[in-house]
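Asker: Would you mind keeping the following structure in view while I ask a few things?
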Amino acid sequence: MGIRERLSGNEAVAYAMKQINPDVMGAYPITPSTEIPQYFSTYVDNGEVDTEFIAVESEHSAMSTCIGAQAAGCRAISATSSCGLCYMTEMLYVAASDRLPITLAVSCRALSGPININNDHSDAMGVRDAGWLMLFAETNQEAYDNYLQAMRIAEAVSLPIMICQDGFITSHAIENIELVEDDKVKAFVGEYHPQHFLLNKDEPMAVGAYATPVYYMESKRLQAQAMMDAKDVIRKVGAEFGEMTGRTYGLIEQYQMDDAEEAIVIIGSSAGTAKEAINELRAQGKKVGLIKVRSFRPFPAEDIVEALRHIKSFAVMDKDDSFNAHCGPMFAEVAASLYAAGVSGPKGINYIYGLGGRDVRVESIQHVFAELEKISATGETGETYRYLDVRE
Amino acid sequence: MSHLAKDMTPNVTWKEITPGCNIFEGGTSAMVETGDWRTLKPVLDWDKCRQCLLCVPVCPDMSIPVNQEGKREDFNYFFCKGCGICANACPFGAITMVKDEK
C-alpha cells in the first residue's frame, strides 16, 4: 500500500520521472526548478534510467529539444521556472499546435522585476494561453501524483502538459509522501505508442507545416476541441489513479462547500493555509468553504459554476496580476464562467496575493472571509480589484 | 479520416483536418505552384546558351531541369518565382528577365 518517504516537491517530481523512465530530457537549470534536472541527471548517470539527457544552452532550446524528440516518437520531458518558462514561450505554442504531448514540470516563481526568486504564479499564468494542459499542486504529494497522471492525460488528447507546483513552498520543503511502487507506476503510465511519428520509416511525415488562412483556423478549432475533451480525460485518469492509491483527483477540489455561504477560489499551496483558516472559522460557526482549482487548463468552468451557484459571496485569489487595471486572470475566468452560465447571484471580488513570495498566513485568508461576510450582509462588493497584505 | 495532403483541400472541415496540419507524405511541396508569385520571368536565348550549367545550382527552387544528357532544358515556370539569380549568374547573357504577363 504505497511506500512512505519524505521528499521535497522537486525530489518527488524527479522520482516520478525516474519511475516513468522517459526517453529524452532536454533541460536548462533555473531556480527553483534546478533540482529536478539535477536529481534526474544523477539517475541518468547512475544508469537507473535509460533516458537521453540533453544539456542545452537555454530554455528555448530545451523545449525545442523536447519538440524534436516527441515528434520523433519519444516521451520527452523538461523542467523550468520563471523567466525560463518565458524564454520557452515561443516553443510552448509550437509544442501545443504540433499536438506533441510533452511533459513539463514547473516550479512556479515570480517574474522580474524587481528581481525575485520566490513563489507566485506569474510565470505559469503568463503562458496560460499557449495551449498547454496545466495542473497545479497544493502539496508535494499532489505534485508527485499529478506527474504520474500527466502523460496519460496528455497523450490521450495529444496536447502537452505542465505540472505546476509552488516554488520553494513545495519544491524545496520536505514533507511526508506516499510513493507508488515502480511496477504499479509502469502499469499505470504505460508505454508510449504514437499513431504517427517522424522515425516511422513506413510513413514519411512533416511536422510543423505552414498553414495559410484557408487551413489555420480549422487547425486551431481542432486544437480547441482537444482542450475541451481533456476535461473528461482528467476526471477519468484521476478516478483510475484513485482506485490504485486511494487519492482521487478531479478538475477542482471542494472543501467545506456543502453549506458554505462564503467561498474562496484558489490555486496551489495556499489552499492548505486556507483550509486551516476555514477550520478555525468553521469552529466559530461560520459557513465558509474553498474551491481549489487543480486544472487551470482546461478551465473547469462548469464545475466552478455549480460550486459557486448558491454562494452569497466569493473571492478569487490570484497569485499574480494581469495589470489590466481591473482583475487577475483567474477572476476573469471565474467571472466569465458564471456570466456565460447566467449565474449572477453570487457577489465576487478579486484578491491579488502572495506576489514574489509574500507570506500568506491563516490570518490573511481570514481577513478575506471577513470582507466576504460584510459583502454577504450588505450586498455591496465595493472595490472588486484588491491587493491582500500590502502595506498601505 | 484521410491523412493525405491531397485531401487537405480548402473545403476540409476542422474535424477532418490533420492535427497540427501535419503532413503524412513526402515531397508534397512539388504540388505547390509557386510560379504565380512571379512578376518577372526568365527567358532563355538558346543561341547564346553554351550549356555551362552555372545557372542550375544557383536556382533556389527546382526551376531549371537538367536532362539525362546533362543539358539544361527550358525553365519550369510552375515553380520559377522570377528571382533573376540565374540571369545574373549567366556569363553569356543568355537569360533575360522580362515582364511576366498572363
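If you're wondering about the labels, chains in the C-alpha cells are A, B, ... by order shown, residues count from 1 in each chain, ligands from 1 in order shown.
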Residues within 10 Å of Leu53 of chain B, please, as a short mmCIF file (atom, residue, chain, number, x, y, z; two decimals) with C-alpha atoms, in the first residue's frame. Count only C-alpha atoms; anything in the same chain fewer than 6 positions from it doesn't count.
Answerer:
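Wrote it out as around10.cif, contents follow:
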```
data_model
loop_
_atom_site.label_atom_id
_atom_site.label_comp_id
_atom_site.auth_asym_id
_atom_site.auth_seq_id
_atom_site.Cartn_x
_atom_site.Cartn_y
_atom_site.Cartn_z
CA ILE B 64 15.94 24.58 -64.20
CA VAL B 66 18.68 19.03 -66.43
CA GLY B 70 23.44 16.63 -68.91
CA LYS B 71 21.85 19.52 -70.81
CA ARG B 72 19.60 22.08 -69.22
CA CYS B 86 20.11 32.71 -62.93
CA ALA B 89 24.90 34.14 -62.96
CA CYS B 90 24.87 33.53 -66.73
#
```
Asker: Give as an MDAnalysis selection string every residue of chain B that touches chain A within 9 Å, counting only C-alpha atoms.
Answerer: chainID B and resid 8:26
Asker: Mind writing the picked residues with C-alpha atoms as a PDB file, in the first residue's frame?
Answerer:
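What ended up in selection_16.pdb:
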```
ATOM      1  CA  MET B   8      -6.390  18.734 -47.373  1.00  0.00           C
ATOM      2  CA  THR B   9      -8.337  20.955 -49.744  1.00  0.00           C
ATOM      3  CA  PRO B  10      -9.811  24.383 -48.979  1.00  0.00           C
ATOM      4  CA  ASN B  11     -13.076  22.552 -48.204  1.00  0.00           C
ATOM      5  CA  VAL B  12     -11.636  20.436 -45.404  1.00  0.00           C
ATOM      6  CA  THR B  13     -13.533  20.859 -42.106  1.00  0.00           C
ATOM      7  CA  TRP B  14     -11.928  21.190 -38.688  1.00  0.00           C
ATOM      8  CA  LYS B  15     -12.975  17.643 -37.860  1.00  0.00           C
ATOM      9  CA  GLU B  16     -11.187  16.300 -40.929  1.00  0.00           C
ATOM     10  CA  ILE B  17      -8.008  18.367 -40.934  1.00  0.00           C
ATOM     11  CA  THR B  18      -4.895  16.625 -39.625  1.00  0.00           C
ATOM     12  CA  PRO B  19      -3.831  17.545 -36.077  1.00  0.00           C
ATOM     13  CA  GLY B  20      -1.339  20.398 -36.273  1.00  0.00           C
ATOM     14  CA  CYS B  21      -1.727  20.362 -40.080  1.00  0.00           C
ATOM     15  CA  ASN B  22       0.861  17.581 -40.023  1.00  0.00           C
ATOM     16  CA  ILE B  23       1.510  16.041 -43.428  1.00  0.00           C
ATOM     17  CA  PHE B  24       1.798  12.295 -43.870  1.00  0.00           C
ATOM     18  CA  GLU B  25       3.511  12.142 -47.265  1.00  0.00           C
ATOM     19  CA  GLY B  26       6.910  13.127 -48.596  1.00  0.00           C
TER      20      GLY B  26
END
```
Asker: Please compute the atom CA of Pro329 of chain A-atom CA of Ala315 of chain A distance, one decimal, in Å.
Answerer: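 Atom-to-atom, atom CA of Pro329 of chain A to atom CA of Ala315 of chain A, that is 13.0 Å.
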Asker: Write down as a PDB file with C-alpha atoms, in the first residue's frame the residues belonging to segment 6-229 of chain A that are assigned alpha helix (DSSP H) by DSSP computed on the backbone.
Answerer:
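What ended up in part.pdb:
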```pdb
ATOM      1  CA  GLY A   9       8.448  18.586  -4.210  1.00  0.00           C
ATOM      2  CA  ASN A  10      11.347  18.750  -6.660  1.00  0.00           C
ATOM      3  CA  GLU A  11      12.672  15.403  -5.428  1.00  0.00           C
ATOM      4  CA  ALA A  12       9.209  13.895  -5.700  1.00  0.00           C
ATOM      5  CA  VAL A  13       8.809  15.013  -9.315  1.00  0.00           C
ATOM      6  CA  ALA A  14      12.314  13.787 -10.210  1.00  0.00           C
ATOM      7  CA  TYR A  15      11.456  10.459  -8.563  1.00  0.00           C
ATOM      8  CA  ALA A  16       8.259  10.215 -10.604  1.00  0.00           C
ATOM      9  CA  MET A  17      10.330  10.867 -13.729  1.00  0.00           C
ATOM     10  CA  LYS A  18      12.684   8.066 -12.730  1.00  0.00           C
ATOM     11  CA  GLN A  19       9.804   5.649 -12.233  1.00  0.00           C
ATOM     12  CA  ILE A  20       8.356   6.565 -15.632  1.00  0.00           C
ATOM     13  CA  GLU A  35      16.965  20.367  -8.602  1.00  0.00           C
ATOM     14  CA  ILE A  36      14.618  18.457 -10.892  1.00  0.00           C
ATOM     15  CA  PRO A  37      17.087  18.012 -13.785  1.00  0.00           C
ATOM     16  CA  GLN A  38      19.880  17.814 -11.188  1.00  0.00           C
ATOM     17  CA  TYR A  39      18.353  14.837  -9.373  1.00  0.00           C
ATOM     18  CA  PHE A  40      17.272  13.314 -12.649  1.00  0.00           C
ATOM     19  CA  SER A  41      20.712  13.608 -14.250  1.00  0.00           C
ATOM     20  CA  THR A  42      22.036  11.661 -11.269  1.00  0.00           C
ATOM     21  CA  TYR A  43      19.619   8.867 -12.120  1.00  0.00           C
ATOM     22  CA  VAL A  44      20.859   9.051 -15.711  1.00  0.00           C
ATOM     23  CA  ASP A  45      24.499   8.976 -14.623  1.00  0.00           C
ATOM     24  CA  GLU A  59      15.129  27.021 -22.169  1.00  0.00           C
ATOM     25  CA  HIS A  60      14.209  27.850 -25.744  1.00  0.00           C
ATOM     26  CA  SER A  61      16.494  25.014 -26.803  1.00  0.00           C
ATOM     27  CA  ALA A  62      15.216  22.778 -24.011  1.00  0.00           C
ATOM     28  CA  MET A  63      11.684  22.998 -25.367  1.00  0.00           C
ATOM     29  CA  SER A  64      12.924  22.720 -28.964  1.00  0.00           C
ATOM     30  CA  THR A  65      14.722  19.524 -27.959  1.00  0.00           C
ATOM     31  CA  CYS A  66      11.535  18.162 -26.446  1.00  0.00           C
ATOM     32  CA  ILE A  67       9.555  19.056 -29.584  1.00  0.00           C
ATOM     33  CA  GLY A  68      12.026  17.264 -31.831  1.00  0.00           C
ATOM     34  CA  ALA A  69      12.182  14.221 -29.584  1.00  0.00           C
ATOM     35  CA  GLN A  70       8.441  13.935 -29.062  1.00  0.00           C
ATOM     36  CA  ALA A  71       7.775  14.376 -32.795  1.00  0.00           C
ATOM     37  CA  ALA A  72      10.306  11.630 -33.451  1.00  0.00           C
ATOM     38  CA  SER A  82      10.023  31.856 -14.056  1.00  0.00           C
ATOM     39  CA  CYS A  83      11.935  33.595 -16.854  1.00  0.00           C
ATOM     40  CA  GLY A  84      12.983  30.169 -18.114  1.00  0.00           C
ATOM     41  CA  LEU A  85       9.339  29.469 -18.838  1.00  0.00           C
ATOM     42  CA  CYS A  86       9.058  32.885 -20.504  1.00  0.00           C
ATOM     43  CA  TYR A  87      12.040  32.070 -22.653  1.00  0.00           C
ATOM     44  CA  MET A  88      10.327  28.836 -23.735  1.00  0.00           C
ATOM     45  CA  THR A  89       7.145  30.643 -24.696  1.00  0.00           C
ATOM     46  CA  GLU A  90       7.632  30.668 -28.458  1.00  0.00           C
ATOM     47  CA  MET A  91       8.260  26.930 -28.455  1.00  0.00           C
ATOM     48  CA  LEU A  92       5.425  26.206 -25.996  1.00  0.00           C
ATOM     49  CA  TYR A  93       2.982  27.335 -28.667  1.00  0.00           C
ATOM     50  CA  VAL A  94       4.718  25.155 -31.260  1.00  0.00           C
ATOM     51  CA  ALA A  95       4.554  22.108 -28.966  1.00  0.00           C
ATOM     52  CA  ALA A  96       0.826  22.595 -28.420  1.00  0.00           C
ATOM     53  CA  SER A  97      -0.116  23.348 -32.020  1.00  0.00           C
ATOM     54  CA  SER A 122       3.212  34.942 -12.779  1.00  0.00           C
ATOM     55  CA  ASP A 123       5.298  32.548 -14.867  1.00  0.00           C
ATOM     56  CA  ALA A 124       2.629  29.881 -15.406  1.00  0.00           C
ATOM     57  CA  MET A 125      -0.161  32.424 -15.877  1.00  0.00           C
ATOM     58  CA  GLY A 126       1.952  34.228 -18.441  1.00  0.00           C
ATOM     59  CA  ASN A 140       4.414  17.545  -2.597  1.00  0.00           C
ATOM     60  CA  GLN A 141       2.118  14.539  -2.719  1.00  0.00           C
ATOM     61  CA  GLU A 142      -0.071  16.211  -5.308  1.00  0.00           C
ATOM     62  CA  ALA A 143       2.922  17.302  -7.389  1.00  0.00           C
ATOM     63  CA  TYR A 144       4.049  13.663  -7.456  1.00  0.00           C
ATOM     64  CA  ASP A 145       0.565  12.291  -8.114  1.00  0.00           C
ATOM     65  CA  ASN A 146      -0.117  14.839 -10.859  1.00  0.00           C
ATOM     66  CA  TYR A 147       3.144  13.936 -12.538  1.00  0.00           C
ATOM     67  CA  LEU A 148       2.231  10.249 -12.597  1.00  0.00           C
ATOM     68  CA  GLN A 149      -1.075  11.133 -14.296  1.00  0.00           C
ATOM     69  CA  ALA A 150       0.399  13.702 -16.689  1.00  0.00           C
ATOM     70  CA  MET A 151       1.367  11.500 -19.617  1.00  0.00           C
ATOM     71  CA  ARG A 152      -1.858   9.521 -19.555  1.00  0.00           C
ATOM     72  CA  ILE A 153      -3.823  12.761 -19.869  1.00  0.00           C
ATOM     73  CA  ALA A 154      -1.540  14.485 -22.379  1.00  0.00           C
ATOM     74  CA  GLU A 155      -1.177  11.504 -24.681  1.00  0.00           C
ATOM     75  CA  ALA A 156      -4.939  10.846 -24.723  1.00  0.00           C
ATOM     76  CA  VAL A 157      -5.652  14.286 -26.215  1.00  0.00           C
ATOM     77  CA  ASP A 182       7.619   1.061  -9.542  1.00  0.00           C
ATOM     78  CA  ASP A 183       5.672  -1.776 -11.162  1.00  0.00           C
ATOM     79  CA  LYS A 184       2.342  -0.070 -10.463  1.00  0.00           C
ATOM     80  CA  VAL A 185       3.645   3.191 -11.920  1.00  0.00           C
ATOM     81  CA  LYS A 186       4.830   1.413 -15.057  1.00  0.00           C
ATOM     82  CA  ALA A 187       1.488  -0.344 -15.459  1.00  0.00           C
ATOM     83  CA  PHE A 188      -0.461   2.854 -14.830  1.00  0.00           C
ATOM     84  CA  VAL A 189       1.535   5.133 -17.124  1.00  0.00           C
ATOM     85  CA  PRO A 213      -5.531  31.306 -43.746  1.00  0.00           C
ATOM     86  CA  VAL A 214      -7.590  28.635 -45.521  1.00  0.00           C
ATOM     87  CA  TYR A 215      -6.330  25.974 -43.071  1.00  0.00           C
ATOM     88  CA  TYR A 216      -5.058  27.755 -39.955  1.00  0.00           C
ATOM     89  CA  MET A 217      -8.407  28.295 -38.299  1.00  0.00           C
ATOM     90  CA  GLU A 218      -9.611  24.715 -38.820  1.00  0.00           C
ATOM     91  CA  SER A 219      -6.357  23.554 -37.253  1.00  0.00           C
ATOM     92  CA  LYS A 220      -6.932  25.799 -34.224  1.00  0.00           C
ATOM     93  CA  ARG A 221     -10.541  24.656 -33.860  1.00  0.00           C
ATOM     94  CA  LEU A 222      -9.325  21.068 -33.727  1.00  0.00           C
ATOM     95  CA  GLN A 223      -6.765  22.068 -31.085  1.00  0.00           C
ATOM     96  CA  ALA A 224      -9.515  23.765 -29.052  1.00  0.00           C
ATOM     97  CA  GLN A 225     -11.531  20.539 -29.162  1.00  0.00           C
ATOM     98  CA  ALA A 226      -8.632  18.601 -27.670  1.00  0.00           C
ATOM     99  CA  MET A 227      -8.615  21.006 -24.709  1.00  0.00           C
ATOM    100  CA  MET A 228     -12.375  20.550 -24.263  1.00  0.00           C
ATOM    101  CA  ASP A 229     -12.030  16.771 -24.464  1.00  0.00           C
TER     102      ASP A 229
END
```
Asker: What separation in Å, quoted to one decimal, exists between atom CA of Val56 of chain B and atom CA of Met31 of chain B?
Answerer: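 Computing it gives 20.9 Å between the two atoms.
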Asker: According to DSSP computed on the backbone, where in segment 215-338 of chain A is there strand (DSSP E or B)? Give the residues as number ranges by chain.
Answerer: A: 252-255, 262-266, 288-293, 295-297, 313-318
Asker: Okay, now the selection with C-alpha atoms, as an mmCIF file, in the first residue's frame?
Answerer:
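Saved the output as again36.cif:
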```
data_model
loop_
_atom_site.group_PDB
_atom_site.id
_atom_site.type_symbol
_atom_site.label_atom_id
_atom_site.label_comp_id
_atom_site.auth_asym_id
_atom_site.auth_seq_id
_atom_site.Cartn_x
_atom_site.Cartn_y
_atom_site.Cartn_z
ATOM 1 C CA ILE A 252 -11.308 21.052 -8.784
ATOM 2 C CA GLU A 253 -11.313 20.112 -5.120
ATOM 3 C CA GLN A 254 -14.075 21.384 -2.869
ATOM 4 C CA TYR A 255 -13.503 21.875 0.834
ATOM 5 C CA GLU A 262 -18.763 32.461 1.520
ATOM 6 C CA ALA A 263 -16.061 30.814 -0.542
ATOM 7 C CA ILE A 264 -12.646 31.474 -1.933
ATOM 8 C CA VAL A 265 -11.280 30.109 -5.197
ATOM 9 C CA ILE A 266 -7.555 29.454 -5.040
ATOM 10 C CA VAL A 288 -17.086 29.185 4.761
ATOM 11 C CA GLY A 289 -15.552 26.971 2.121
ATOM 12 C CA LEU A 290 -12.915 26.626 -0.543
ATOM 13 C CA ILE A 291 -12.624 25.683 -4.181
ATOM 14 C CA LYS A 292 -9.139 24.642 -5.169
ATOM 15 C CA VAL A 293 -8.510 24.734 -8.893
ATOM 16 C CA SER A 295 -6.773 22.054 -13.587
ATOM 17 C CA PHE A 296 -6.351 25.614 -14.816
ATOM 18 C CA ARG A 297 -6.161 24.403 -18.435
ATOM 19 C CA SER A 313 -20.137 35.940 -1.948
ATOM 20 C CA PHE A 314 -16.776 34.689 -3.130
ATOM 21 C CA ALA A 315 -13.211 35.866 -3.571
ATOM 22 C CA VAL A 316 -10.950 34.663 -6.346
ATOM 23 C CA MET A 317 -7.328 34.620 -5.244
ATOM 24 C CA ASP A 318 -4.785 35.401 -7.955
#
```
Asker: What is the atom CA of Val233 of chain A to atom CA of Val343 of chain A distance in Å?
Answerer: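 Atom CA of Val343 of chain A lies 26.5 Å from atom CA of Val233 of chain A.
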Asker: For each of B:Ile85, B:Met62, B:Val98, B:Leu54, take the minimum atom-to-atom distance to Thr39 of chain B, counting only C-alpha atoms, then give the residue where this is smallest.
Answerer: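 Among the listed residues, the smallest separation from Thr39 of chain B belongs to B:Val98.
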